[in-house]
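J.: This is the content of start_12.cif (mmCIF, C-alpha atoms):
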```cif
data_model
#
loop_
_atom_site.label_atom_id
_atom_site.label_comp_id
_atom_site.auth_asym_id
_atom_site.auth_seq_id
_atom_site.Cartn_x
_atom_site.Cartn_y
_atom_site.Cartn_z
CA MET A 1 -0.82 15.64 0.99
CA ILE A 2 -2.52 13.08 -1.25
CA GLU A 3 -0.03 10.43 -0.14
CA LEU A 4 -0.56 11.30 3.52
CA MET A 5 -4.34 11.15 3.17
CA ILE A 6 -4.28 7.80 1.36
CA LEU A 7 -1.89 6.18 3.84
CA GLY A 8 -3.60 7.81 6.81
CA PHE A 9 -7.11 6.68 5.93
CA LEU A 10 -5.89 3.19 5.03
CA SER A 11 -4.20 2.97 8.44
CA GLU A 12 -7.74 2.99 9.85
CA GLY A 13 -8.74 -0.04 7.76
CA ARG A 14 -9.24 -1.38 4.25
CA LEU A 15 -11.29 0.81 1.90
CA HIS A 16 -12.73 0.80 -1.58
CA GLY A 17 -11.39 3.56 -3.83
CA TYR A 18 -14.68 5.47 -3.85
CA GLU A 19 -14.89 5.43 -0.03
CA LEU A 20 -11.28 6.59 0.23
CA ARG A 21 -12.01 9.47 -2.14
CA ARG A 22 -15.14 10.42 -0.17
CA ARG A 23 -13.14 10.62 3.07
CA MET A 24 -10.38 12.61 1.38
CA GLU A 25 -12.91 15.07 -0.02
CA GLU A 26 -14.57 15.45 3.38
CA LEU A 27 -11.20 16.22 4.94
CA GLY A 28 -10.41 18.77 2.23
CA GLY A 29 -13.79 20.46 2.48
CA HIS A 30 -16.56 20.83 -0.06
CA ALA A 31 -14.45 22.95 -2.40
CA ARG A 32 -11.68 20.37 -2.78
CA LYS A 33 -12.80 17.59 -5.06
CA ILE A 34 -10.40 14.70 -5.66
CA SER A 35 -10.40 13.63 -9.30
CA ASP A 36 -9.79 10.12 -10.61
CA GLY A 37 -6.75 11.57 -12.37
CA THR A 38 -5.30 12.54 -9.00
CA LEU A 39 -6.37 9.63 -6.82
CA TYR A 40 -5.79 6.53 -8.93
CA PRO A 41 -2.29 7.38 -10.21
CA ALA A 42 -1.31 8.12 -6.59
CA ILE A 43 -2.71 4.75 -5.47
CA THR A 44 -0.82 3.04 -8.30
CA ARG A 45 2.46 4.75 -7.29
CA LEU A 46 1.95 3.75 -3.66
CA ALA A 47 1.14 0.17 -4.67
CA LYS A 48 4.27 -0.03 -6.86
CA ALA A 49 6.32 1.28 -3.92
CA GLY A 50 4.90 -1.52 -1.75
CA TYR A 51 2.92 0.79 0.55
CA VAL A 52 -0.59 -0.18 -0.54
CA THR A 53 -2.23 -3.44 -1.55
CA LYS A 54 -5.01 -3.68 -4.13
CA GLU A 55 -7.39 -6.61 -4.18
CA SER A 56 -10.19 -7.09 -6.67
CA GLU A 57 -13.55 -8.37 -5.59
CA PRO A 58 -16.91 -8.69 -7.28
CA GLY A 59 -18.95 -5.52 -7.35
CA VAL A 60 -22.41 -4.53 -8.43
CA ALA A 61 -23.50 -5.96 -11.80
CA GLY A 62 -20.31 -7.98 -12.11
CA ALA A 63 -17.94 -5.02 -12.20
CA GLN A 64 -14.76 -5.53 -10.21
CA ARG A 65 -14.11 -3.32 -7.18
CA GLN A 66 -10.70 -2.58 -5.74
CA THR A 67 -10.21 -2.91 -2.00
CA LEU A 68 -7.15 -1.05 -0.78
CA GLY A 69 -5.07 -1.87 2.26
CA LEU A 70 -1.97 -0.57 3.98
CA THR A 71 1.17 -2.71 4.10
CA GLU A 72 3.70 -2.67 6.93
CA ALA A 73 6.00 -0.63 4.66
CA GLY A 74 3.10 1.77 4.10
CA HIS A 75 2.65 2.15 7.83
CA VAL A 76 6.36 2.89 8.23
CA ARG A 77 6.09 5.46 5.42
CA LEU A 78 3.07 7.08 7.08
CA LEU A 79 4.96 7.41 10.37
CA ALA A 80 7.92 8.97 8.55
CA ILE A 81 5.70 11.53 6.79
CA LEU A 82 4.11 12.52 10.09
CA ARG A 83 7.35 12.53 12.06
CA ASP A 84 9.16 14.65 9.45
CA ALA A 85 6.33 17.11 8.71
CA SER A 86 7.92 20.39 7.66
CA GLY A 87 7.63 23.13 5.05
CA LEU A 88 4.08 23.47 3.73
CA ALA A 89 2.94 20.66 6.01
CA ILE A 90 3.64 23.03 8.90
CA THR A 91 3.11 26.50 7.40
CA ASP A 92 -0.02 25.95 5.30
CA LEU A 93 -3.17 25.59 7.40
CA THR A 94 -4.89 23.09 5.09
CA HIS A 95 -1.78 20.92 4.92
CA PHE A 96 -1.30 21.15 8.68
CA PHE A 97 -4.91 20.10 9.30
CA THR A 98 -4.19 16.99 7.24
CA VAL A 99 -1.14 16.25 9.38
CA LEU A 100 -3.23 16.80 12.53
CA THR A 101 -5.91 14.41 11.27
CA PHE A 102 -3.44 11.53 11.42
CA LEU A 103 -0.95 12.74 14.06
CA SER A 104 -2.32 10.36 16.69
CA VAL A 105 -0.99 7.48 14.55
CA LEU A 106 2.50 8.41 15.77
CA PRO A 107 2.93 6.23 18.87
CA ASP A 108 5.57 8.46 20.50
CA ALA A 109 4.27 11.54 22.34
CA GLU A 110 7.62 13.29 21.96
CA GLU A 111 7.44 12.93 18.18
CA ARG A 112 3.89 14.29 18.14
CA ASN A 113 4.98 17.17 20.36
CA ALA A 114 7.90 17.95 18.04
CA VAL A 115 5.47 18.38 15.13
CA LEU A 116 3.24 20.63 17.24
CA GLN A 117 6.27 22.63 18.37
CA ARG A 118 7.30 23.24 14.74
CA ARG A 119 3.83 24.59 14.03
CA LEU A 120 3.93 26.74 17.18
CA ASP A 121 7.34 28.12 16.21
CA PHE A 122 5.89 29.10 12.83
CA LEU A 123 2.85 30.71 14.45
CA GLU A 124 5.03 32.70 16.85
CA ALA A 125 7.02 34.34 14.06
CA PRO A 126 5.82 37.80 12.98
CA ALA A 127 3.50 37.53 10.01
CA SER A 128 1.54 39.65 7.63
CA PHE A 129 -0.12 39.01 4.32
CA TYR A 130 0.81 42.45 3.09
CA SER A 131 3.94 44.55 2.90
CA ASN A 132 5.02 47.85 1.45
CA GLU A 133 8.50 47.76 -0.05
CA GLY A 134 9.41 44.78 2.13
CA VAL A 135 8.04 46.23 5.38
CA ARG A 136 5.07 44.50 7.01
CA VAL A 137 1.94 46.65 6.99
CA LYS A 138 0.27 46.78 10.42
CA ILE A 139 -3.48 46.35 10.68
CA ALA A 140 -3.85 49.87 12.09
CA ASP A 141 -2.14 51.28 8.99
CA MET A 142 -4.35 49.47 6.46
CA THR A 143 -6.86 51.60 4.64
CA ASP A 144 -8.48 48.76 2.67
CA PRO A 145 -11.23 47.30 4.91
CA TYR A 146 -11.06 43.89 3.23
CA ARG A 147 -7.32 43.49 3.68
CA ARG A 148 -7.76 44.66 7.26
CA GLY A 149 -10.43 41.97 7.64
CA VAL A 150 -8.09 39.29 6.29
CA GLN A 151 -5.43 40.34 8.79
CA ARG A 152 -7.85 40.47 11.73
CA SER A 153 -9.31 37.06 10.91
CA ALA A 154 -5.86 35.52 10.46
CA ARG A 155 -4.67 37.03 13.75
CA ALA A 156 -7.66 35.64 15.64
CA LEU A 157 -7.16 32.17 14.18
CA ARG A 158 -3.42 32.31 14.84
CA ASN A 159 -3.97 33.33 18.48
CA GLU A 160 -6.48 30.55 19.10
CA GLU A 161 -4.28 27.95 17.46
CA ARG A 162 -1.24 29.03 19.50
CA LYS A 163 -3.32 28.82 22.68
CA TRP A 164 -4.55 25.33 21.78
CA ILE A 165 -1.08 24.02 20.90
CA ARG A 166 0.43 25.44 24.10
CA GLU A 167 -2.31 23.79 26.16
CA LEU A 168 -1.79 20.49 24.40
CA LEU A 169 1.98 20.62 24.80
CA ASN A 170 1.61 21.47 28.50
CA ASP A 171 -0.86 18.61 28.98
CA ASN A 172 1.52 16.22 27.20
CA GLU A 173 4.51 17.16 29.38
CA GLY A 174 3.28 14.97 32.21
CA LYS A 175 2.65 11.97 29.96
#
```
So that I can check it, write out the structure of this file as structure tokens.
T.:
Amino acid sequence: MIELMILGFLSEGRLHGYELRRRMEELGGHARKISDGTLYPAITRLAKAGYVTKESEPGVAGAQRQTLGLTEAGHVRLLAILRDASGLAITDLTHFFTVLTFLSVLPDAEERNAVLQRRLDFLEAPASFYSNEGVRVKIADMTDPYRRGVQRSARALRNEERKWIRELLNDNEGK
């Protein structure tokens, strides 16, 4: 998801590394700090791949600052990541929120809808956090109030998300 966040935010315009990190951390929430050891090696890999440009400019007190930009190849890569979102990008809520943040970059409504449909298909499958010898434990059968709370909260979120995706897909049918 680091690659998607970097390319996605740079698709909105050139950024300094510290501003990029700030936006990434905001997207991930207060508990998800982005370290230099995560961000800068990722930027270096993307620059070597030709997806990101780095330009130095004077900073405060003479220190150089890096301004990052997205290349055409980087834009193509971003579109491919969004178009092909699968696995954790669809099944993990935090990853999917990152995909959603940049999904409007995909110019084709059918491609956006295909991503949403993959998420909806996942949400429609029976799910439970807990099982007993391979059999899903129903909320009504749970004796632990905290596990029951996890299941109830997850169900409510899942129902609302399904409703929202269905509405969006229905709205997009006429477009």
J.: Could you list, as a PyMOL selection string, every residue matched by the PyMOL selection byres ((chain A and resi 97) around 12) in this structure?
T.: chain A and resi 1+4-5+27-29+82+85+88-96+98-103+116+119+161
J.: Which residues come within 12 Å of Glu124 of chain A, counting all atoms listed in the file, excluding same-chain residues fewer than 2 positions away, as number ranges by chain?
T.: A: 91, 117-122, 126-127, 155, 158-163, 165-166
J.: Could you jot down the atom CA of Trp164 of chain A to atom CA of Val115 of chain A separation for me, Å, one decimal place?
T.: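 About the pair atom CA of Trp164 of chain A and atom CA of Val115 of chain A: they are 13.9 Å apart.
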J.: On this structure, which residues satisfy the PyMOL selection byres ((chain A and resi 21) around 10), written as a VMD selection string?
T.: chain A and resid 5 to 6 9 15 to 20 22 to 27 33 to 36 39 to 40
J.: Those same residues - C-alpha atoms - I'd like them written as an mmCIF file, keeping the file's coordinate frame.
T.:
```
data_model
loop_
_atom_site.group_PDB
_atom_site.id
_atom_site.type_symbol
_atom_site.label_atom_id
_atom_site.label_comp_id
_atom_site.auth_asym_id
_atom_site.auth_seq_id
_atom_site.Cartn_x
_atom_site.Cartn_y
_atom_site.Cartn_z
ATOM 1 C CA MET A 5 -4.340 11.150 3.170
ATOM 2 C CA ILE A 6 -4.280 7.800 1.360
ATOM 3 C CA PHE A 9 -7.110 6.680 5.930
ATOM 4 C CA LEU A 15 -11.290 0.810 1.900
ATOM 5 C CA HIS A 16 -12.730 0.800 -1.580
ATOM 6 C CA GLY A 17 -11.390 3.560 -3.830
ATOM 7 C CA TYR A 18 -14.680 5.470 -3.850
ATOM 8 C CA GLU A 19 -14.890 5.430 -0.030
ATOM 9 C CA LEU A 20 -11.280 6.590 0.230
ATOM 10 C CA ARG A 22 -15.140 10.420 -0.170
ATOM 11 C CA ARG A 23 -13.140 10.620 3.070
ATOM 12 C CA MET A 24 -10.380 12.610 1.380
ATOM 13 C CA GLU A 25 -12.910 15.070 -0.020
ATOM 14 C CA GLU A 26 -14.570 15.450 3.380
ATOM 15 C CA LEU A 27 -11.200 16.220 4.940
ATOM 16 C CA LYS A 33 -12.800 17.590 -5.060
ATOM 17 C CA ILE A 34 -10.400 14.700 -5.660
ATOM 18 C CA SER A 35 -10.400 13.630 -9.300
ATOM 19 C CA ASP A 36 -9.790 10.120 -10.610
ATOM 20 C CA LEU A 39 -6.370 9.630 -6.820
ATOM 21 C CA TYR A 40 -5.790 6.530 -8.930
#
```
J.: Could you check how far atom CA of Asn132 of chain A sits from atom CA of Ser153 of chain A, in Å to one decimal?
T.: 20.3 Å
J.: Just want the 8 Å neighbourhood of segment 45-56 of chain A, counted on only C-alpha atoms, with same-chain residues fewer than 5 positions away dropped. Output as number ranges by chain.
T.: A: 3, 7, 64-75, 77
J.: A:Ser11, A:Asn113, A:Thr143, A:Gln151: which is nearest Asn170 of chain A, counting all atoms listed in the file?
T.: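 Of A:Ser11, A:Asn113, A:Thr143, A:Gln151, the one nearest Asn170 of chain A is A:Asn113, counting all atoms listed in the file.
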J.: Measuring atom to atom with all atoms listed in the file, identify which of A:Val135, A:Met142, A:Leu123, A:Leu168 is nearest to Ala156 of chain A.
T.: A:Leu123
J.: Between atom CA of Arg32 of chain A and atom CA of Arg14 of chain A, measure the distance and give it in Å to one decimal.
T.: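 Atom CA of Arg32 of chain A sits 23.0 Å away from atom CA of Arg14 of chain A.
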J.: Running the PyMOL selection byres ((chain A and resi 106) around 10) on this model by hand, what would come out? Give it as a ChimeraX atom specification.
T.: /A:78-80,82-83,102-105,107-112
J.: Pick from A:Ile2, A:Val76, A:Ala42, A:Leu169: nearest to Ala114 of chain A, with all atoms listed in the file counted?
T.: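 Result for the nearest residue to Ala114 of chain A: A:Leu169.
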